[in-house]
>>> print(open('final.tsv').read())   # TSV, C-alpha atoms and all ligand atoms
chain	number	residue	atom	x	y	z
E	16	MET	CA	0.00	0.00	0.00
E	17	LYS	CA	1.32	3.44	-0.92
E	18	LEU	CA	2.29	5.54	2.08
E	19	ALA	CA	1.34	9.19	2.43
E	20	ALA	CA	3.81	9.49	5.28
E	21	GLN	CA	6.07	7.35	7.40
E	22	VAL	CA	8.07	7.98	10.56
E	23	VAL	CA	10.87	5.64	11.55
E	24	ASP	CA	12.34	5.54	15.04
E	25	LEU	CA	11.56	9.17	15.59
E	26	THR	CA	12.83	10.94	18.69
E	27	LYS	CA	12.31	14.51	19.78
E	28	PHE	CA	14.15	15.79	22.82
E	29	TYR	CA	13.75	19.32	24.12
E	30	ASP	CA	16.89	20.61	25.81
E	31	LEU	CA	15.95	22.68	28.84
E	32	GLY	CA	19.53	23.64	29.73
E	33	PRO	CA	22.26	22.43	32.05
E	34	ALA	CA	21.32	20.10	34.86
E	35	ILE	CA	22.13	21.36	38.33
E	36	PRO	CA	23.83	18.50	40.19
E	37	VAL	CA	21.81	17.38	43.17
E	38	ALA	CA	23.49	15.32	45.86
E	39	GLY	CA	22.15	11.77	45.77
E	40	ALA	CA	20.43	12.11	42.36
E	41	ASN	CA	21.61	9.84	39.57
E	42	ASP	CA	21.59	10.30	35.84
E	43	GLU	CA	18.69	7.91	35.32
E	44	LEU	CA	15.17	8.91	34.45
E	45	GLN	CA	13.90	10.89	37.41
E	46	TYR	CA	10.33	11.18	36.32
E	47	ALA	CA	9.02	10.60	32.82
E	48	PRO	CA	9.50	12.20	30.42
E	49	ILE	CA	12.13	14.51	31.93
E	50	ALA	CA	15.60	13.04	32.21
E	51	ALA	CA	19.05	14.34	32.97
E	52	ASN	CA	21.52	13.31	30.28
E	53	GLU	CA	25.20	14.24	29.93
E	54	GLY	CA	24.70	17.22	32.18
E	55	ARG	CA	21.64	18.55	30.35
E	56	ILE	CA	17.98	18.42	31.31
E	57	LEU	CA	16.08	16.84	28.44
E	58	VAL	CA	12.35	16.46	27.89
E	59	LYS	CA	11.98	13.29	25.87
E	60	ALA	CA	8.75	14.15	24.08
E	61	LEU	CA	9.16	11.33	21.51
E	62	ARG	CA	11.35	8.35	22.34
E	63	GLY	CA	11.41	6.19	19.19
E	64	VAL	CA	8.14	6.30	17.28
E	65	SER	CA	7.61	4.33	14.05
E	66	ILE	CA	4.29	4.61	12.24
E	67	ASP	CA	3.18	4.05	8.62
E	68	PHE	CA	0.39	6.26	7.33
E	69	PRO	CA	-1.11	4.70	4.17
E	70	GLU	CA	-2.67	7.05	1.62
E	71	GLY	CA	-6.34	7.57	2.41
E	72	ASP	CA	-6.07	6.58	6.06
E	73	PHE	CA	-7.88	8.45	8.82
E	74	VAL	CA	-5.90	8.18	12.04
E	75	ALA	CA	-6.83	9.37	15.52
E	76	VAL	CA	-3.83	9.94	17.80
E	77	MET	CA	-4.87	9.64	21.42
E	78	GLY	CA	-3.16	9.56	24.81
E	79	SER	CA	-3.00	11.62	27.97
E	80	SER	CA	-1.69	15.15	28.17
E	81	GLY	CA	2.09	15.30	27.71
E	82	SER	CA	2.30	11.92	25.93
E	83	GLY	CA	3.76	13.50	22.77
E	84	LYS	CA	0.73	13.84	20.49
E	85	SER	CA	1.28	17.47	19.48
E	86	THR	CA	5.01	16.95	19.12
E	87	LEU	CA	4.35	14.08	16.71
E	88	LEU	CA	1.87	16.19	14.74
E	89	ASN	CA	4.31	19.13	14.63
E	90	VAL	CA	7.05	16.90	13.24
E	91	LEU	CA	4.62	15.42	10.69
E	92	GLY	CA	3.67	18.96	9.69
E	93	GLY	CA	7.27	20.07	9.30
E	94	LEU	CA	6.73	22.68	12.01
E	95	ASP	CA	9.34	20.99	14.16
E	96	ARG	CA	12.32	18.80	13.34
E	97	PRO	CA	13.00	15.42	14.92
E	98	THR	CA	16.12	14.98	17.06
E	99	THR	CA	16.85	11.61	15.41
E	100	GLY	CA	15.00	9.27	13.08
E	101	HIS	CA	13.44	9.60	9.66
E	102	TYR	CA	10.35	11.26	8.33
E	103	VAL	CA	9.36	10.30	4.80
E	104	LEU	CA	6.59	12.33	3.19
E	105	GLY	CA	5.22	11.19	-0.17
E	106	GLY	CA	8.46	9.26	-0.79
E	107	GLU	CA	10.83	12.12	0.13
E	108	ASP	CA	12.99	12.15	3.26
E	109	VAL	CA	11.94	15.37	4.92
E	110	SER	CA	14.60	15.06	7.64
E	111	GLN	CA	17.23	15.91	4.99
E	112	MET	CA	15.55	19.06	3.66
E	113	ASP	CA	16.62	22.61	4.40
E	114	ASP	CA	14.14	25.11	5.83
E	115	VAL	CA	13.07	26.56	2.46
E	116	GLU	CA	12.41	23.15	0.91
E	117	LEU	CA	10.60	22.08	4.05
E	118	SER	CA	8.33	25.11	4.08
E	119	HIS	CA	7.39	24.54	0.43
E	120	VAL	CA	6.61	20.87	1.04
E	121	ARG	CA	4.54	21.87	4.05
E	122	ASN	CA	2.66	24.50	2.05
E	123	GLN	CA	1.91	22.21	-0.90
E	124	LYS	CA	1.23	18.87	0.72
E	125	ILE	CA	-0.22	19.55	4.15
E	126	GLY	CA	-3.26	21.33	5.50
E	127	PHE	CA	-3.43	22.27	9.20
E	128	ILE	CA	-6.36	22.59	11.56
E	129	PHE	CA	-5.75	23.60	15.19
E	130	GLN	CA	-7.84	23.50	18.35
E	131	SER	CA	-7.77	27.28	18.68
E	132	TYR	CA	-8.44	27.83	14.93
E	133	ASN	CA	-5.34	30.08	14.53
E	134	LEU	CA	-7.06	32.62	12.31
E	135	ILE	CA	-5.69	36.10	11.76
E	136	MET	CA	-8.00	38.44	13.65
E	137	GLN	CA	-7.51	41.45	11.35
E	138	TYR	CA	-8.30	39.44	8.23
E	139	THR	CA	-11.72	38.65	6.80
E	140	VAL	CA	-13.00	35.11	6.28
E	141	LEU	CA	-11.92	35.20	2.64
E	142	GLU	CA	-8.47	36.65	3.43
E	143	ASN	CA	-7.89	33.98	6.05
E	144	ILE	CA	-8.78	31.24	3.58
E	145	GLU	CA	-6.46	32.79	0.98
E	146	LEU	CA	-3.51	33.09	3.34
E	147	PRO	CA	-1.62	29.84	2.46
E	148	LEU	CA	-1.74	30.89	-1.23
E	149	GLN	CA	0.48	33.85	-0.33
E	150	TYR	CA	3.21	31.37	0.64
E	151	ARG	CA	3.28	29.21	-2.48
E	152	PRO	CA	6.73	28.45	-3.91
E	153	GLY	CA	7.89	31.56	-5.79
E	154	TYR	CA	5.22	33.64	-4.03
E	155	PRO	CA	3.05	34.33	-7.12
E	156	ALA	CA	0.33	36.97	-6.75
E	157	LEU	CA	-3.22	35.75	-6.33
E	158	SER	CA	-5.09	35.42	-9.64
E	159	ALA	CA	-8.80	35.82	-10.33
E	160	ALA	CA	-8.99	32.01	-10.44
E	161	ASP	CA	-7.41	31.87	-6.97
E	162	HIS	CA	-10.03	34.24	-5.58
E	163	GLU	CA	-12.77	32.17	-7.21
E	164	TRP	CA	-11.34	28.96	-5.72
E	165	CYS	CA	-11.29	30.50	-2.22
E	166	LEU	CA	-14.82	31.79	-2.64
E	167	ASN	CA	-15.94	28.27	-3.52
E	168	LEU	CA	-14.17	26.86	-0.47
E	169	ALA	CA	-15.95	29.42	1.73
E	170	LYS	CA	-19.27	28.32	0.19
E	171	LYS	CA	-18.35	24.66	0.64
E	172	VAL	CA	-17.98	25.15	4.41
E	173	GLY	CA	-21.23	27.14	4.57
E	174	LEU	CA	-19.72	30.61	4.94
E	175	GLY	CA	-20.58	32.06	1.52
E	176	ASP	CA	-22.58	34.83	3.21
E	177	ARG	CA	-19.84	35.70	5.72
E	178	LEU	CA	-16.93	36.50	3.41
E	179	ASP	CA	-16.27	39.95	4.85
E	180	HIS	CA	-16.71	38.99	8.50
E	181	ARG	CA	-13.74	38.90	10.81
E	182	PRO	CA	-13.11	36.00	13.20
E	183	PHE	CA	-14.44	37.86	16.27
E	184	GLN	CA	-17.80	38.17	14.49
E	185	LEU	CA	-18.05	34.39	14.12
E	186	SER	CA	-18.91	31.53	16.48
E	187	GLY	CA	-16.23	28.96	17.36
E	188	GLY	CA	-17.78	26.48	14.94
E	189	GLN	CA	-17.76	29.05	12.14
E	190	GLN	CA	-14.13	29.94	12.88
E	191	GLN	CA	-13.20	26.27	12.66
E	192	ARG	CA	-15.04	26.09	9.31
E	193	VAL	CA	-12.80	28.91	8.07
E	194	ALA	CA	-9.81	26.89	9.26
E	195	VAL	CA	-11.10	23.80	7.41
E	196	ALA	CA	-11.48	25.86	4.21
E	197	ARG	CA	-8.00	27.36	4.71
E	198	SER	CA	-6.51	23.88	5.18
E	199	MET	CA	-7.92	22.91	1.77
E	200	VAL	CA	-6.65	25.88	-0.19
E	201	ASN	CA	-3.57	24.21	-1.69
E	202	ASP	CA	-5.46	20.96	-2.27
E	203	PRO	CA	-3.29	19.02	0.22
E	204	GLU	CA	-2.82	15.26	0.30
E	205	ILE	CA	-2.61	15.23	4.08
E	206	ILE	CA	-4.62	17.10	6.69
E	207	LEU	CA	-3.24	17.37	10.21
E	208	ALA	CA	-5.72	18.34	12.90
E	209	ASP	CA	-4.72	18.93	16.54
E	210	GLU	CA	-7.83	18.61	18.74
E	211	PRO	CA	-10.04	20.11	15.98
E	212	THR	CA	-13.18	19.80	18.12
E	213	GLY	CA	-11.52	20.56	21.47
E	214	ASN	CA	-13.09	24.01	21.85
E	215	LEU	CA	-16.48	23.14	20.36
E	216	ASP	CA	-19.75	21.84	21.79
E	217	SER	CA	-20.57	18.30	20.70
E	218	ALA	CA	-23.11	19.17	17.98
E	219	THR	CA	-20.67	21.65	16.38
E	220	GLY	CA	-17.86	19.12	16.82
E	221	ILE	CA	-19.88	16.61	14.80
E	222	GLU	CA	-20.29	19.16	11.99
E	223	ILE	CA	-16.51	19.57	11.82
E	224	MET	CA	-16.02	15.79	11.91
E	225	GLU	CA	-18.48	15.42	9.02
E	226	MET	CA	-16.28	17.80	7.04
E	227	LEU	CA	-13.10	15.88	7.90
E	228	TRP	CA	-14.83	12.63	7.01
E	229	ALA	CA	-15.89	14.07	3.62
E	230	LEU	CA	-12.29	15.20	2.96
E	231	ASN	CA	-11.06	11.72	3.83
E	232	ARG	CA	-13.64	10.23	1.48
E	233	GLU	CA	-12.10	12.34	-1.31
E	234	GLY	CA	-8.92	10.32	-0.68
E	235	ARG	CA	-7.06	12.70	1.63
E	236	THR	CA	-5.09	11.26	4.50
E	237	ILE	CA	-6.21	12.64	7.86
E	238	ILE	CA	-4.14	12.54	11.02
E	239	MET	CA	-6.04	13.95	13.96
E	240	VAL	CA	-5.11	14.34	17.61
E	241	THR	CA	-7.99	13.99	20.04
E	242	HIS	CA	-8.59	12.81	23.56
E	243	GLU	CA	-12.32	12.28	23.04
E	244	HIS	CA	-13.33	8.70	22.33
E	245	ASP	CA	-16.48	9.56	20.38
E	246	ILE	CA	-14.37	11.80	18.11
E	247	ALA	CA	-11.71	9.09	17.67
E	248	GLU	CA	-14.50	6.73	16.55
E	249	TRP	CA	-14.76	8.72	13.32
E	250	ALA	CA	-11.26	7.63	12.37
E	251	LYS	CA	-10.36	4.32	10.75
E	252	ARG	CA	-7.47	3.69	13.09
E	253	GLN	CA	-6.66	4.74	16.65
E	254	ILE	CA	-3.12	5.13	17.97
E	255	VAL	CA	-2.60	5.63	21.69
E	256	MET	CA	0.61	7.40	22.77
E	257	ARG	CA	2.14	7.07	26.22
E	258	ASP	CA	5.35	8.70	27.49
E	259	GLY	CA	6.59	9.49	23.98
E	260	LEU	CA	5.96	6.01	22.57
E	261	VAL	CA	3.17	4.25	20.68
E	262	HIS	CA	1.41	2.34	23.42
E	263	LYS	CA	-1.45	0.74	21.52
E	264	GLU	CA	-2.84	0.66	18.01
E	265	THR	CA	-6.27	-0.44	16.76
E	266	ARG	CA	-7.75	-0.43	13.28
E	267	THR	CA	-11.53	-0.14	13.32
E	268	ARG	CA	-12.07	0.23	9.54
E	269	PRO	CA	-10.06	-0.54	6.40
E	270	VAL	CA	-8.05	2.31	4.84
E	271	HIS	CA	-10.26	2.51	1.76
E	272	ASP	CA	-13.60	2.19	3.54
E	273	THR	CA	-15.79	5.10	2.41
E	274	SER	CA	-18.96	4.06	4.22
E	275	ASP	CA	-20.45	6.35	6.83
E	276	PRO	CA	-18.58	6.24	10.12
E	277	VAL	CA	-20.44	4.77	13.09
E	278	PRO	CA	-21.21	8.02	14.96
E	279	HIS	CA	-22.61	9.47	11.73
E	280	ARG	CA	-25.03	6.56	11.31
E	281	ARG	CA	-25.97	6.74	14.96
E	282	MET	CA	-26.85	10.41	14.67
E	283	ALA	CA	-28.84	9.86	11.45
E	284	SER	CA	-30.87	7.05	13.02
E	285	ALA	CA	-31.58	9.21	16.08
E	286	ASN	CA	-33.32	11.67	13.76
E	287	VAL	CA	-35.88	9.20	12.32
E	301	LIG	N1	8.81	23.50	23.10
E	301	LIG	C1	8.92	22.66	24.13
E	301	LIG	N2	9.95	22.79	25.02
E	301	LIG	C2	10.09	21.93	26.05
E	301	LIG	N3	9.26	20.90	26.29
E	301	LIG	C3	8.23	20.72	25.45
E	301	LIG	C4	8.01	21.57	24.34
E	301	LIG	N4	6.91	21.14	23.67
E	301	LIG	C5	6.46	20.06	24.35
E	301	LIG	N5	7.26	19.80	25.41
E	301	LIG	C6	7.11	18.68	26.37
E	301	LIG	O1	7.10	17.49	25.63
E	301	LIG	C7	6.16	16.57	26.19
E	301	LIG	C8	5.14	16.19	25.13
E	301	LIG	O2	4.35	17.35	24.84
E	301	LIG	P1	3.16	17.37	23.78
E	301	LIG	O3	3.63	16.73	22.52
E	301	LIG	O4	2.66	18.76	23.70
E	301	LIG	O5	2.08	16.43	24.49
E	301	LIG	P2	0.52	16.25	24.21
E	301	LIG	O6	0.17	16.98	22.95
E	301	LIG	O7	0.32	14.77	24.12
E	301	LIG	O8	-0.18	16.82	25.41
E	301	LIG	C9	5.56	17.25	27.41
E	301	LIG	O9	6.28	16.82	28.55
E	301	LIG	C10	5.79	18.71	27.13
E	301	LIG	O10	5.89	19.44	28.32
E	302	MG	MG	-1.22	18.57	22.60
>>> encode(input="final.tsv", output="structure tokens")
Amino acid sequence: MKLAAQVVDLTKFYDLGPAIPVAGANDELQYAPIAANEGRILVKALRGVSIDFPEGDFVAVMGSSGSGKSTLLNVLGGLDRPTTGHYVLGGEDVSQMDDVELSHVRNQKIGFIFQSYNLIMQYTVLENIELPLQYRPGYPALSAADHEWCLNLAKKVGLGDRLDHRPFQLSGGQQQRVAVARSMVNDPEIILADEPTGNLDSATGIEIMEMLWALNREGRTIIMVTHEHDIAEWAKRQIVMRDGLVHKETRTRPVHDTSDPVPHRRMASANV
């Protein structure tokens, strides 16, 4: 099966500075995931993670706070570099790329959705959706076709009548819809979502999940961090992280399954 992405023996250590020697303390792990190592205090956010992400998969990354979920997503998104290990994206080893190459790959291949939406407050809905186009390789100016494409994305997420609104004039759910449209603007193969429903009530969360599910059905690979089980149920595979390692992995549906996810069916049947 063709892989959209693959990480091999990935580690990410954050160096917090020199360790202050404490009488009686040894160099072993004092409490996970912080460890003293060669005189430095290190936070071992990822400690050797290997995962294959087949094209078209929909993965929920779960695990308690501090287990390394966001760090993994940030490495996958090229927002952060691993300390050791390999990251292969669409057949290319991203770990070997320089910053410019990496930012272009990120811009062209990956869409991001965050818990706190990360919209630009001074920009309108349409300008927020257009933003990633400003960072295309070579930085070409936006064409009439680009504007049209963004307009259609705004309509697709149900915000066709809100184009000139600014984020503070929108509900949380509407802001996240803008973020979903923005994530789609470069037609990415992979969408990374960090707690996309974390700030939303459950009905609004389901609307966002329906959008992610539809994007996955189009063949896009979705990697989503969540700590909510009913949200993770929308995915085809659930990975549980613990202390910077993959603790458990379950596949609930085949990669190419395009049938309605269980929570979707449950909600539909509740309406009849
Ligand atoms: N920039 C950073 N500097 C130092 N430590 C960090 C940094 N980012 C994350 N960490 C630490 O790495 C560990 C994993 O964090 P994170 O990936 O954010 O966990 P999760 O998303 O599962 O809650 C935590 O112990 C966290 O405090
Ligand atoms: Mg996190």
>>> atom_distance(input="final.tsv", atom1="CA of Thr139 (chain E)", atom2="CA of Asp179 (chain E)")
5.1 Å
>>> residues_near_ligand(input="final.tsv", ligand="ligand MG 302 (chain E)", cutoff="8 Å", atoms="all atoms listed in the file", output="PyMOL selection string")
chain E and resi 80-81+83-86+209-210+240
>>> atom_distance(input="final.tsv", atom1="CA of Leu61 (chain E)", atom2="CA of Pro97 (chain E)")
8.7 Å
>>> residues_near_ligand(input="final.tsv", ligand="ligand LIG 301 (chain E)", cutoff="9 Å", atoms="only C-alpha atoms and all ligand atoms", output="NGL selection string")
:E and (27-31 or 47-49 or 57-61 or 76-89 or 209 or 240 or 256-259)
>>> residues_around(input="final.tsv", residues="region 228-234 of chain E", least_positions_apart="4", cutoff="6 Å", atoms="only C-alpha atoms", output="PyMOL selection string")
chain E and resi 71+224+273
>>> write_last_selection(input="final.tsv", atoms="C-alpha atoms", output="mmCIF file, in the coordinates of the input")
data_model
loop_
_atom_site.group_PDB
_atom_site.id
_atom_site.type_symbol
_atom_site.label_atom_id
_atom_site.label_comp_id
_atom_site.auth_asym_id
_atom_site.auth_seq_id
_atom_site.Cartn_x
_atom_site.Cartn_y
_atom_site.Cartn_z
ATOM 1 C CA GLY E 71 -6.340 7.570 2.410
ATOM 2 C CA MET E 224 -16.020 15.790 11.910
ATOM 3 C CA THR E 273 -15.790 5.100 2.410
#
>>> atom_distance(input="final.tsv", atom1="CA of Ile238 (chain E)", atom2="CA of Ala250 (chain E)")
8.8 Å
>>> closest_residue(input="final.tsv", among="E:Gln191, E:Arg252, E:Leu157, E:Met239", to="Glu264 (chain E)", atoms="all atoms listed in the file")
E:Arg252
>>> residues_around(input="final.tsv", residues="Thr265 (chain E)", least_positions_apart="2", cutoff="9 Å", atoms="only C-alpha atoms", output="MDAnalysis selection string")
chainID E and resid 251:255 263 267
>>> residues_around(input="final.tsv", residues="Trp164 (chain E)", least_positions_apart="2", cutoff="12 Å", atoms="all atoms listed in the file", output="VMD selection string")
chain E and resid 141 144 to 145 148 157 to 162 166 to 171 196 to 197 199 to 202
>>> residues_around(input="final.tsv", residues="region 121-130 of chain E", least_positions_apart="3", cutoff="7 Å", atoms="all atoms listed in the file", output="number ranges by chain")
E: 92-93, 117-118, 133, 147, 151, 194-195, 198-199, 201, 203-214
>>> closest_residue(input="final.tsv", among="E:Glu70, E:Cys165, E:Arg62, E:Ile246", to="Leu227 (chain E)", atoms="all atoms listed in the file")
E:Ile246
>>> closest_residue(input="final.tsv", among="E:His180, E:Arg235, E:His244, E:Arg192", to="Ile223 (chain E)", atoms="all atoms listed in the file")
E:Arg192
>>> closest_residue(input="final.tsv", among="E:Val22, E:Arg55, E:Val74, E:Val64", to="Val261 (chain E)", atoms="all atoms listed in the file")
E:Val64
>>> closest_residue(input="final.tsv", among="E:Thr98, E:Ser110, E:Thr236, E:Gln189", to="Asp67 (chain E)", atoms="only C-alpha atoms")
E:Thr236
>>> closest_residue(input="final.tsv", among="E:Ala218, E:Ala156, E:Gln21, E:Phe73", to="Pro276 (chain E)", atoms="all atoms listed in the file")
E:Phe73
